[in-house]
Amino acid sequence: MEKTIATWDEQPIDITSEANFIWGIAKKLRGTYLPDKYGDVIIPMTIIRRFESVLQPTKDKVIAQFEAMPTYPARAMYKISGYQFYNTSKFDLAELCNDPDNIAANFKAYLNGFSADVQEILQNLDIENHINKMDKGDVYIQLLKLFQNWILV
């Protein structure tokens, strides 16, 4: 009887840049958050950045349609965005960093631009409370600058 040995893929995956990115975020959150709560910020921000990344190619078309007809049906907006979600806000993470004095209010406006299903996800992640806490802790602008440049594939 022949033995079959299952092996993992031989090619290692280099996650050094991702690990360094996460540690960079942890450094920014130190003092405002306890270490066991870093994930409460990192997870929602990663999700937001991923949504933003995939929507970027069609964002201008979505905004143009929304400005032309704010009551345009969500299902039709999905077709424009190419996904089952969209964002009608003119803001993105990079643009938010251009107005540090109003970053919390603008970030909330950015999140409110997402379709209802994404807003529900973000509410379940308690993002509103974290926005207020990060704003008080003065880590917002630094955190958004890190996330705006993070390329997610």
# chains A, B, ... in the order shown; residues from 1 in each chain; ligands from 1

call {"tool": "residues_around", "arguments": {"residues": "stretch 139-150 of chain A", "least_positions_apart": "6", "cutoff": "7 Å", "atoms": "only C-alpha atoms", "output": "PyMOL selection string"}}
result
chain A and resi 25+28-29+49+93-94+97+100

call {"tool": "select_by_dssp", "arguments": {"residues": "stretch 22-136 of chain A", "states": "alpha helix (DSSP H)", "output": "compact mmCIF listing (two decimals) with C-alpha atoms, in the first residue's frame"}}
result
# COMPACT_ATOMS: atom_id res chain seq x y z
CA ILE A 22 -0.38 46.61 10.99
CA TRP A 23 2.41 47.40 13.46
CA GLY A 24 2.50 50.96 12.14
CA ILE A 25 -1.20 51.29 12.87
CA ALA A 26 -0.71 49.84 16.34
CA LYS A 27 1.90 52.51 17.06
CA LYS A 28 -0.58 55.24 16.06
CA LEU A 29 -3.33 53.77 18.24
CA GLY A 39 -8.65 45.26 15.99
CA ASP A 40 -11.76 47.34 16.70
CA VAL A 41 -10.19 50.01 14.48
CA ILE A 42 -8.03 47.97 12.13
CA ILE A 43 -10.82 45.65 10.95
CA PRO A 44 -13.38 48.34 10.01
CA MET A 45 -10.72 50.54 8.41
CA THR A 46 -9.44 47.60 6.36
CA ILE A 47 -12.98 46.88 5.19
CA ILE A 48 -13.54 50.54 4.30
CA ARG A 49 -10.25 50.69 2.40
CA ARG A 50 -11.12 47.51 0.51
CA PHE A 51 -14.54 48.89 -0.46
CA GLU A 52 -12.91 52.12 -1.60
CA SER A 53 -10.28 50.29 -3.63
CA VAL A 54 -12.75 48.20 -5.60
CA LEU A 55 -15.15 51.11 -6.18
CA LYS A 59 -16.77 56.16 -8.44
CA ASP A 60 -16.96 59.21 -10.73
CA LYS A 61 -19.81 57.62 -12.73
CA VAL A 62 -21.70 56.79 -9.52
CA ILE A 63 -21.30 60.33 -8.18
CA ALA A 64 -22.38 61.85 -11.50
CA GLN A 65 -25.51 59.71 -11.56
CA PHE A 66 -26.28 60.51 -7.93
CA GLU A 67 -25.88 64.23 -8.53
CA ALA A 68 -28.13 64.04 -11.59
CA ALA A 74 -29.98 51.27 -5.65
CA ARG A 75 -30.17 48.27 -7.99
CA ALA A 76 -29.44 50.51 -10.96
CA MET A 77 -26.57 52.10 -9.02
CA TYR A 78 -25.13 48.60 -8.48
CA LYS A 79 -24.86 48.22 -12.24
CA ILE A 80 -22.93 51.48 -12.50
CA SER A 81 -20.56 50.57 -9.65
CA LEU A 93 -9.58 58.62 2.31
CA ALA A 94 -7.03 60.81 0.54
CA GLU A 95 -9.45 63.73 0.23
CA LEU A 96 -10.36 63.46 3.92
CA ILE A 103 -11.99 65.19 9.43
CA ALA A 104 -14.52 63.53 11.78
CA ALA A 105 -17.55 65.21 10.18
CA ASN A 106 -16.23 64.59 6.67
CA PHE A 107 -15.46 60.96 7.47
CA LYS A 108 -19.03 60.48 8.69
CA ALA A 109 -20.29 62.07 5.44
CA TYR A 110 -18.04 59.71 3.48
CA LEU A 111 -19.44 56.69 5.32
CA ASN A 112 -23.02 57.94 4.83
CA ALA A 116 -27.39 50.88 2.93
CA ASP A 117 -25.90 47.39 3.10
CA VAL A 118 -22.38 48.72 3.69
CA GLN A 119 -23.66 51.21 6.25
CA GLU A 120 -25.26 48.33 8.13
CA ILE A 121 -21.94 46.45 8.19
CA LEU A 122 -20.15 49.53 9.51
CA GLN A 123 -22.81 50.10 12.16
CA ASN A 124 -22.33 46.52 13.35
CA ILE A 127 -17.51 52.63 13.53
CA GLU A 128 -19.32 55.78 14.74
CA ASN A 129 -17.97 55.41 18.29
CA HIS A 130 -14.48 54.76 16.97
CA ILE A 131 -14.62 57.88 14.82
CA ASN A 132 -15.38 59.96 17.90
CA LYS A 133 -12.72 58.21 19.99
CA MET A 134 -10.02 58.59 17.31
CA ASP A 135 -10.97 62.24 16.86
CA LYS A 136 -10.56 62.90 20.59

call {"tool": "select_by_dssp", "arguments": {"residues": "chain A", "states": "strand (DSSP E or B)", "output": "short mmCIF file (atom, residue, chain, number, x, y, z; two decimals) with N, CA, C and O atoms, in the first residue's frame"}}
result
data_model
loop_
_atom_site.label_atom_id
_atom_site.label_comp_id
_atom_site.auth_asym_id
_atom_site.auth_seq_id
_atom_site.Cartn_x
_atom_site.Cartn_y
_atom_site.Cartn_z
N ARG A 30 -1.64 53.53 19.95
CA ARG A 30 -1.15 53.44 21.32
C ARG A 30 -1.52 54.68 22.12
O ARG A 30 -1.34 55.79 21.66
N TYR A 33 -6.08 53.65 22.39
CA TYR A 33 -6.68 52.32 22.52
C TYR A 33 -5.73 51.40 23.27
O TYR A 33 -4.51 51.53 23.16
N ASN A 87 -20.73 54.02 -3.38
CA ASN A 87 -20.53 55.18 -2.50
C ASN A 87 -20.76 56.44 -3.33
O ASN A 87 -20.12 56.63 -4.36
N PHE A 114 -22.02 55.54 1.48
CA PHE A 114 -22.09 54.13 1.10
C PHE A 114 -23.54 53.69 1.03
O PHE A 114 -24.41 54.23 1.72
#

call {"tool": "atom_distance", "arguments": {"atom1": "atom CA of A:Thr58", "atom2": "atom CA of A:Ser115"}}
result
14.3 Å

call {"tool": "atom_distance", "arguments": {"atom1": "atom CA of A:Gly113", "atom2": "atom CA of A:Asp92"}}
result
10.3 Å
